[in-house]
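A.B. asks: So here's upload-v1.cif, just mmCIF, C-alpha atoms and all ligand atoms:
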```cif
data_model
#
loop_
_atom_site.label_atom_id
_atom_site.label_comp_id
_atom_site.auth_asym_id
_atom_site.auth_seq_id
_atom_site.Cartn_x
_atom_site.Cartn_y
_atom_site.Cartn_z
CA MET H 78 -23.78 2.69 -2.45
CA LYS H 79 -23.17 0.94 0.82
CA THR H 80 -19.71 1.16 2.32
CA ILE H 81 -19.21 -2.59 2.16
CA VAL H 82 -20.19 -2.65 -1.52
CA PHE H 83 -17.79 0.20 -2.23
CA ILE H 84 -14.88 -1.57 -0.52
CA SER H 85 -15.76 -4.88 -2.20
CA ILE H 86 -15.89 -3.55 -5.77
CA VAL H 87 -12.65 -1.66 -5.26
CA LEU H 88 -10.86 -4.76 -3.97
CA ILE H 89 -12.33 -7.06 -6.61
CA SER H 90 -11.41 -4.78 -9.49
CA GLY H 91 -7.91 -4.33 -8.05
CA ALA H 92 -7.43 -8.08 -7.66
CA LEU H 93 -8.75 -8.78 -11.16
CA ALA H 94 -6.51 -6.16 -12.74
CA GLY H 95 -3.59 -7.54 -10.72
CA LEU H 96 -4.39 -11.03 -11.99
CA VAL H 97 -4.24 -9.69 -15.55
CA HIS H 98 -0.96 -7.92 -14.77
CA GLY H 99 0.58 -11.05 -13.26
CA THR H 100 -0.55 -13.23 -16.15
CA VAL H 101 0.75 -10.79 -18.76
CA ASN H 102 4.09 -10.63 -16.93
CA PHE H 103 4.23 -14.40 -16.61
CA THR H 104 3.83 -14.67 -20.37
CA ILE H 105 5.92 -11.81 -21.75
CA VAL H 106 8.31 -10.62 -18.99
CA GLU H 107 9.55 -13.97 -17.65
CA PRO H 108 11.59 -14.87 -20.76
CA TYR H 109 13.63 -11.68 -20.24
CA LEU H 110 14.04 -12.35 -16.53
CA ASP H 111 15.31 -15.83 -17.40
CA GLN H 112 17.83 -14.36 -19.83
CA ALA H 113 19.04 -11.78 -17.31
CA ILE H 114 19.35 -14.35 -14.51
CA GLY H 115 21.17 -16.65 -16.96
CA LEU H 116 23.76 -13.91 -17.44
CA GLU H 117 23.99 -13.54 -13.69
CA ASN H 118 24.69 -17.24 -13.29
CA GLU H 119 27.40 -17.10 -15.93
CA SER H 120 29.16 -14.30 -14.10
CA LEU H 121 28.85 -16.28 -10.83
CA PHE H 122 30.61 -19.21 -12.52
CA ALA H 123 33.21 -16.95 -14.07
CA SER H 124 34.06 -15.31 -10.75
CA GLY H 125 34.08 -18.65 -8.92
CA GLU H 126 31.26 -17.64 -6.56
CA ALA H 127 29.26 -20.62 -7.76
CA GLU H 128 30.10 -23.84 -9.54
CA ASP H 129 28.41 -25.05 -12.68
CA THR H 130 27.21 -28.29 -11.09
CA LEU H 131 24.03 -30.34 -11.15
CA GLU H 132 23.29 -29.31 -7.56
CA PHE H 133 23.51 -25.66 -8.52
CA TRP H 134 21.00 -26.12 -11.32
CA ALA H 135 18.67 -28.24 -9.19
CA GLU H 136 18.58 -25.54 -6.54
CA TYR H 137 18.26 -22.84 -9.18
CA GLU H 138 15.32 -24.55 -10.87
CA SER H 139 13.48 -25.02 -7.59
CA TYR H 140 13.62 -21.36 -6.61
CA ARG H 141 13.06 -20.06 -10.12
CA ILE H 142 9.80 -22.01 -10.33
CA TRP H 143 8.82 -20.47 -7.00
CA GLN H 144 9.74 -16.98 -8.22
CA LYS H 145 7.84 -17.43 -11.48
CA SER H 146 4.68 -18.72 -9.90
CA GLY H 147 4.97 -15.76 -7.55
CA GLN H 148 4.45 -13.37 -10.48
CA VAL H 149 0.73 -14.05 -10.55
CA LEU H 150 0.23 -14.04 -6.78
CA ALA H 151 2.35 -10.90 -6.38
CA GLY H 152 0.34 -9.38 -9.23
CA VAL H 153 -2.85 -9.91 -7.23
CA ILE H 154 -1.31 -8.45 -4.05
CA LEU H 155 0.06 -5.43 -5.91
CA GLY H 156 -3.28 -5.14 -7.72
CA LEU H 157 -5.16 -5.04 -4.40
CA ALA H 158 -2.79 -2.31 -3.20
CA MET H 159 -2.84 -0.10 -6.29
CA GLY H 160 -6.53 -0.83 -6.86
CA SER H 161 -7.24 0.45 -3.33
CA LEU H 162 -5.40 3.67 -4.05
CA PHE H 163 -7.29 3.97 -7.32
CA GLY H 164 -10.62 3.37 -5.55
CA ILE H 165 -9.88 6.04 -2.93
CA VAL H 166 -8.92 8.61 -5.55
CA PHE H 167 -11.87 7.73 -7.76
CA ALA H 168 -14.39 8.02 -4.92
CA LEU H 169 -12.96 11.39 -3.88
CA SER H 170 -12.59 12.86 -7.36
CA ARG H 171 -15.50 11.30 -9.27
CA ASN H 172 -17.67 14.41 -9.21
CA SER H 173 -14.96 16.61 -10.68
CA LEU H 174 -13.63 14.16 -13.26
CA PRO H 175 -14.46 14.77 -16.93
CA GLY H 176 -16.42 12.04 -18.72
CA LYS H 177 -20.06 11.27 -19.47
CA ASN H 178 -20.55 8.35 -17.12
CA ASP H 179 -18.79 6.39 -14.39
CA VAL H 180 -17.04 4.11 -16.87
CA SER H 181 -15.46 6.93 -18.88
CA LYS H 182 -14.61 8.83 -15.67
CA SER H 183 -12.92 5.75 -14.25
CA ILE H 184 -10.94 5.12 -17.44
CA ILE H 185 -9.84 8.77 -17.58
CA LEU H 186 -8.65 8.62 -13.96
CA SER H 187 -6.79 5.35 -14.50
CA GLY H 188 -5.07 6.89 -17.53
CA LEU H 189 -4.11 9.93 -15.48
CA MET H 190 -2.72 7.81 -12.62
CA TRP H 191 -0.88 5.55 -15.08
CA LEU H 192 0.76 8.63 -16.57
CA THR H 193 1.65 10.49 -13.37
CA LEU H 194 2.37 7.63 -10.95
CA TYR H 195 3.94 5.22 -13.40
CA LEU H 196 5.00 6.41 -16.85
CA ILE H 197 6.58 9.76 -15.93
CA PRO H 198 8.53 8.26 -12.96
CA PHE H 199 9.50 5.37 -15.28
CA LEU H 200 11.08 7.83 -17.72
CA LYS H 201 13.37 9.05 -14.94
CA TYR H 202 13.90 5.71 -13.19
CA PRO H 203 13.14 2.94 -15.69
CA ALA H 204 12.68 -0.69 -14.63
CA ASN H 205 15.76 -2.87 -14.71
CA PRO H 206 16.11 -6.63 -15.08
CA PRO H 207 18.13 -8.65 -12.57
CA THR H 208 21.95 -8.28 -12.88
CA VAL H 209 21.72 -4.51 -13.42
CA GLY H 210 21.16 -3.34 -9.87
CA ASP H 211 23.78 -3.08 -7.18
CA GLY H 212 22.49 -4.50 -3.88
CA GLU H 213 24.35 -1.80 -1.98
CA THR H 214 22.33 1.00 -3.55
CA VAL H 215 18.85 -0.53 -3.28
CA VAL H 216 17.73 1.70 -0.39
CA LEU H 217 18.94 4.84 -2.15
CA ARG H 218 17.21 3.77 -5.36
CA MET H 219 13.97 3.13 -3.47
CA ILE H 220 14.09 6.55 -1.82
CA LEU H 221 14.70 8.24 -5.19
CA TYR H 222 11.95 6.31 -6.96
CA VAL H 223 9.33 6.81 -4.25
CA SER H 224 10.20 10.50 -3.84
CA PHE H 225 9.79 11.06 -7.55
CA ILE H 226 6.38 9.34 -7.56
CA ILE H 227 5.26 11.38 -4.55
CA ILE H 228 6.42 14.64 -6.18
CA SER H 229 4.50 13.71 -9.32
CA GLY H 230 1.33 12.58 -7.53
CA VAL H 231 1.20 15.48 -5.05
CA GLY H 232 2.09 17.87 -7.90
CA VAL H 233 -0.98 16.85 -9.88
CA VAL H 234 -3.30 17.34 -6.92
CA VAL H 235 -1.80 20.70 -5.91
CA PHE H 236 -1.86 22.17 -9.42
CA TYR H 237 -5.37 20.87 -9.97
CA LYS H 238 -6.55 22.67 -6.82
CA ILE H 239 -4.72 25.85 -7.89
CA SER H 240 -6.42 25.73 -11.29
CA LYS H 241 -9.82 25.44 -9.65
CA LYS H 242 -9.18 28.57 -7.59
CA LEU H 243 -8.19 30.63 -10.61
CA GLN H 244 -10.86 32.61 -12.37
CA ASN H 245 -12.28 31.33 -15.65
CA ASN H 246 -11.18 27.88 -14.51
CA LYS H 247 -7.94 28.00 -16.52
CA LYS H 248 -7.16 24.32 -16.57
CA TYR H 249 -4.07 24.71 -18.72
CA VAL H 250 -2.36 26.52 -15.82
CA ALA H 251 -2.36 23.24 -13.91
CA VAL H 252 -0.88 21.37 -16.84
CA VAL H 253 1.86 23.96 -17.40
CA GLY H 254 2.62 24.13 -13.68
CA TYR H 255 2.80 20.37 -13.36
CA ALA H 256 5.02 20.08 -16.45
CA GLY H 257 7.33 22.74 -15.02
CA LEU H 258 7.53 20.98 -11.66
CA MET H 259 8.34 17.65 -13.30
CA MET H 260 11.03 19.20 -15.50
CA ILE H 261 12.70 20.63 -12.40
CA ALA H 262 12.41 17.27 -10.64
CA PHE H 263 13.89 15.54 -13.70
CA ALA H 264 16.85 17.92 -13.75
CA VAL H 265 17.47 18.12 -10.00
CA MET H 266 16.96 14.53 -8.83
CA PRO H 267 20.06 12.33 -9.13
CA ASP H 268 20.02 9.53 -11.67
CA ASN H 269 20.01 5.84 -10.82
CA PRO H 270 23.57 5.36 -9.49
CA ASP H 271 23.96 1.85 -10.92
CA GLU H 272 25.89 1.18 -14.06
CA ILE H 273 24.11 -1.00 -16.60
CA THR H 274 26.32 -4.02 -17.20
CA ALA H 275 23.76 -6.15 -19.04
CA PRO H 276 23.44 -5.93 -22.85
CA MET H 277 21.45 -2.79 -23.68
CA ASN H 278 19.04 -4.51 -26.06
CA LEU H 279 18.07 -7.01 -23.35
CA VAL H 280 17.49 -4.12 -20.92
CA ASN H 281 15.43 -2.16 -23.47
CA GLU H 282 13.27 -5.12 -24.43
CA PHE H 283 12.74 -5.91 -20.76
CA ARG H 284 11.65 -2.32 -20.14
CA PHE H 285 9.24 -2.43 -23.04
CA VAL H 286 7.44 -5.59 -21.86
CA SER H 287 7.48 -4.26 -18.31
CA VAL H 288 5.59 -1.14 -19.46
CA LEU H 289 3.09 -3.34 -21.30
CA GLY H 290 2.51 -5.33 -18.10
CA VAL H 291 1.92 -2.33 -15.85
CA SER H 292 -0.26 -0.68 -18.52
CA SER H 293 -2.43 -3.81 -18.67
CA PHE H 294 -3.11 -3.30 -14.96
CA TRP H 295 -4.22 0.32 -15.30
CA VAL H 296 -6.40 -0.36 -18.35
CA THR H 297 -8.13 -3.25 -16.60
CA VAL H 298 -8.66 -1.54 -13.25
CA GLY H 299 -10.13 1.54 -14.98
CA ILE H 300 -12.62 -0.44 -17.01
CA VAL H 301 -13.61 -2.93 -14.30
CA LEU H 302 -14.10 -0.43 -11.47
CA GLY H 303 -16.05 1.83 -13.84
CA LEU H 304 -18.37 -1.01 -14.81
CA PHE H 305 -18.87 -2.11 -11.20
CA TRP H 306 -19.55 1.45 -10.16
CA LYS H 307 -22.16 1.87 -12.88
CA LYS H 308 -23.83 -1.37 -11.85
CA PHE H 309 -23.94 -0.83 -8.08
CA ASP H 310 -24.20 2.92 -7.74
CA LYS H 311 -27.96 3.37 -7.92
CA THR H 312 -28.20 6.36 -5.64
CA SER H 313 -25.19 8.15 -7.07
CA LYS H 314 -23.79 8.70 -3.61
CA LEU H 315 -22.05 6.78 -0.91
CA GLU H 316 -23.95 6.09 2.28
CA TYR H 317 -22.99 4.71 5.61
CA SER H 318 -24.24 1.16 5.86
CA MET J 260 -29.34 27.63 -4.66
CA SER J 261 -28.10 26.62 -1.25
CA GLU J 262 -30.16 23.45 -1.48
CA VAL J 263 -28.40 22.42 -4.69
CA ARG J 264 -25.06 22.89 -3.00
CA GLN J 265 -26.18 20.74 -0.12
CA ILE J 266 -26.96 17.86 -2.45
CA ASN J 267 -23.64 18.21 -4.26
CA LYS J 268 -21.82 18.05 -0.97
CA SER J 269 -23.50 14.89 0.22
CA LYS J 270 -22.74 13.29 -3.14
CA SER J 271 -19.03 13.55 -2.62
CA ALA J 272 -19.07 12.32 0.96
CA VAL J 273 -17.06 9.14 1.13
CA PRO J 274 -17.11 7.16 4.38
CA LYS J 275 -13.84 7.71 6.21
CA ILE J 276 -13.81 4.12 7.41
CA ALA J 277 -13.74 2.90 3.81
CA ILE J 278 -10.88 5.23 2.95
CA LEU J 279 -8.96 4.03 6.00
CA ALA J 280 -9.52 0.35 5.20
CA LEU J 281 -8.40 0.78 1.59
CA ALA J 282 -5.41 2.89 2.64
CA ILE J 283 -4.27 0.04 4.90
CA VAL J 284 -4.59 -2.46 2.04
CA PHE J 285 -2.63 -0.07 -0.18
CA ALA J 286 0.23 0.39 2.29
CA ALA J 287 0.48 -3.28 3.26
CA GLY J 288 0.30 -4.64 -0.28
CA LEU J 289 2.77 -2.15 -1.65
CA PHE J 290 5.23 -2.92 1.12
CA VAL J 291 5.04 -6.68 0.60
CA VAL J 292 5.56 -6.49 -3.16
CA GLY J 293 7.72 -3.43 -3.54
CA PHE J 294 9.83 -2.88 -0.48
CA ASP J 295 10.12 -5.85 1.86
CA GLN J 296 13.76 -6.84 2.01
CA GLY J 297 13.63 -10.44 3.14
CA HIS J 298 17.40 -10.39 3.48
CA ILE J 299 17.40 -7.81 6.23
CA PHE J 300 14.73 -9.57 8.28
CA SER J 301 16.41 -12.92 7.88
CA LEU J 302 19.52 -11.51 9.56
CA VAL J 303 17.50 -10.39 12.57
CA TYR J 304 15.05 -13.24 12.95
CA GLY J 305 17.24 -16.24 12.15
CA GLU J 306 14.65 -19.01 12.25
CA GLN J 307 12.18 -16.80 10.51
CA ALA J 308 14.63 -16.47 7.64
CA PHE J 309 13.08 -19.16 5.51
CA VAL J 310 9.63 -17.62 5.70
CA ASP J 311 10.88 -14.11 4.97
CA LEU J 312 13.04 -15.24 2.11
CA THR J 313 10.09 -17.13 0.74
CA ILE J 314 7.99 -13.99 0.64
CA HIS J 315 10.80 -12.06 -0.97
CA GLU J 316 11.38 -14.67 -3.66
CA LEU J 317 7.66 -14.94 -4.31
CA THR J 318 7.29 -11.25 -5.07
CA HIS J 319 10.74 -10.91 -6.60
CA ASP J 320 9.87 -11.18 -10.29
CA MET J 321 6.94 -8.80 -9.98
CA ARG J 322 9.19 -6.33 -8.22
CA HIS J 323 11.48 -6.20 -11.23
CA ALA J 324 8.64 -6.28 -13.75
CA ALA J 325 6.65 -3.50 -12.08
CA GLY J 326 9.68 -1.20 -12.00
CA PHE J 327 10.52 -1.30 -8.29
CA PRO J 328 14.20 -1.08 -7.42
CA CYS J 329 15.75 -4.49 -6.74
CA HIS J 330 19.03 -6.19 -7.49
ZN ZN H 401 16.02 -8.71 -8.02
#
```
Is it possible to express this structure as structure tokens?
C.D. replies:
Amino acid sequence: MKTIVFISIVLISGALAGLVHGTVNFTIVEPYLDQAIGLENESLFASGEAEDTLEFWAEYESYRIWQKSGQVLAGVILGLAMGSLFGIVFALSRNSLPGKNDVSKSIILSGLMWLTLYLIPFLKYPANPPTVGDGETVVLRMILYVSFIIISGVGVVVFYKISKKLQNNKKYVAVVGYAGLMMIAFAVMPDNPDEITAPMNLVNEFRFVSVLGVSSFWVTVGIVLGLFWKKFDKTSKLEYS
Amino acid sequence: MSEVRQINKSKSAVPKIAILALAIVFAAGLFVVGFDQGHIFSLVYGEQAFVDLTIHELTHDMRHAAGFPCH
């Protein structure tokens, strides 16, 4: 495969999966965001920080429309970013991934990255709707979240390499080692410092649809890149163009 | 035997330039959606505030929905 073809299929599959992610969010996550922001507005009125006037609502509507339409565009941008990471990892690991062909290999890798880079970190630091977070702690929360993802991602790679060095190729050692590492990280890393002030059922439903949205990205990117790879990879190796 | 190994090695060779290009897309895209704090830049750049805030608001809903820390 030529370099330019490789880069193109990675970016296209990332953008497509991001488009799916953005569209899914636009449909199923936005109603919860509206509810959460509605609660936020009520508390602004209650505290006197804003007044329940026509001007307030006119301004609110104009930026909410902008924010909502951003879902899809931001989905594509995020899709390009995560799709690029996925493409890099797939190209580097394709030969050692299980699976009969490029499509099943790609789907297996996307499932693995969904689990280690998204779902496991989500269990420790779940998504929150607006109104929950404290603006003062956003930097701390980012550092915690990113550190946890890096621990998880690097952990997988390190334990995989260790398992390859062991005799008899004991793959379960990697799984046990990774599970142990993540349990320690779960116990040691501090929790999200913010108190949840929004109704818990709103937060839980928001989290559920948020997981569906992100999962739609990983499913799509795995299938699409796998199909592209199968179609364009005639020589079964990458060549300099 | 050594010939087989040679072939396997060339199979896994991925052009570094492609990795670099995709890594840049990854870092830039993730920053825009997940971590850019328009607020902070708007304090520094004044006139630029509208543009920065625009970007922040545009990616805001996805930031919440994708699980990134926000407000
Ligand atoms: Zn927010």
A.B. asks: Chain H near ligand ZN 401 (chain H) within 9 Å: what's each residue's closest atom pair and its distance in Å to one decimal, counting all atoms listed in the file, ordered by chain then ascending residue number, as a tab-separated table?
C.D. replies:
```
residue	atom	partner	partner_atom	distance
H:Asn205	CA	H:ZN401	ZN	8.9
H:Pro206	CA	H:ZN401	ZN	7.4
H:Pro207	CA	H:ZN401	ZN	5.0
H:Thr208	CA	H:ZN401	ZN	7.7
H:Val209	CA	H:ZN401	ZN	8.9
H:Gly210	CA	H:ZN401	ZN	7.7
H:Gly212	CA	H:ZN401	ZN	8.8
```
A.B. asks: Could you please determine the separation between atom CA of H:Leu217 and atom CA of H:Ser120 in Å, to one decimal place?
C.D. replies: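 Atom CA of H:Leu217 sits 24.8 Å away from atom CA of H:Ser120.
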A.B. asks: Taking all atoms listed in the file into account and nothing else, which residues of chain J lie no more than 8 Å away from chain H? Please answer as a ChimeraX atom specification.
C.D. replies: /J:269-274,277-278,281-282,284-289,292,294,316-321,323-330
A.B. asks: When you draw a straight line from atom CA of H:Val234 to atom CA of H:Ala251, how long is it in Å?
C.D. replies: 9.2 Å
A.B. asks: What is the distance, in Å and to one decimal place, between atom CA of H:Leu200 and atom CA of H:Asn278?
C.D. replies: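 Between these atoms lies a distance of 16.9 Å.
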A.B. asks: Any idea what's packed within 7 Å of H:Ser90, counting only C-alpha atoms, ignoring anything in its chain fewer than 6 positions away? Could you give it as a VMD selection string?
C.D. replies: chain H and resid 160 298 301 to 302
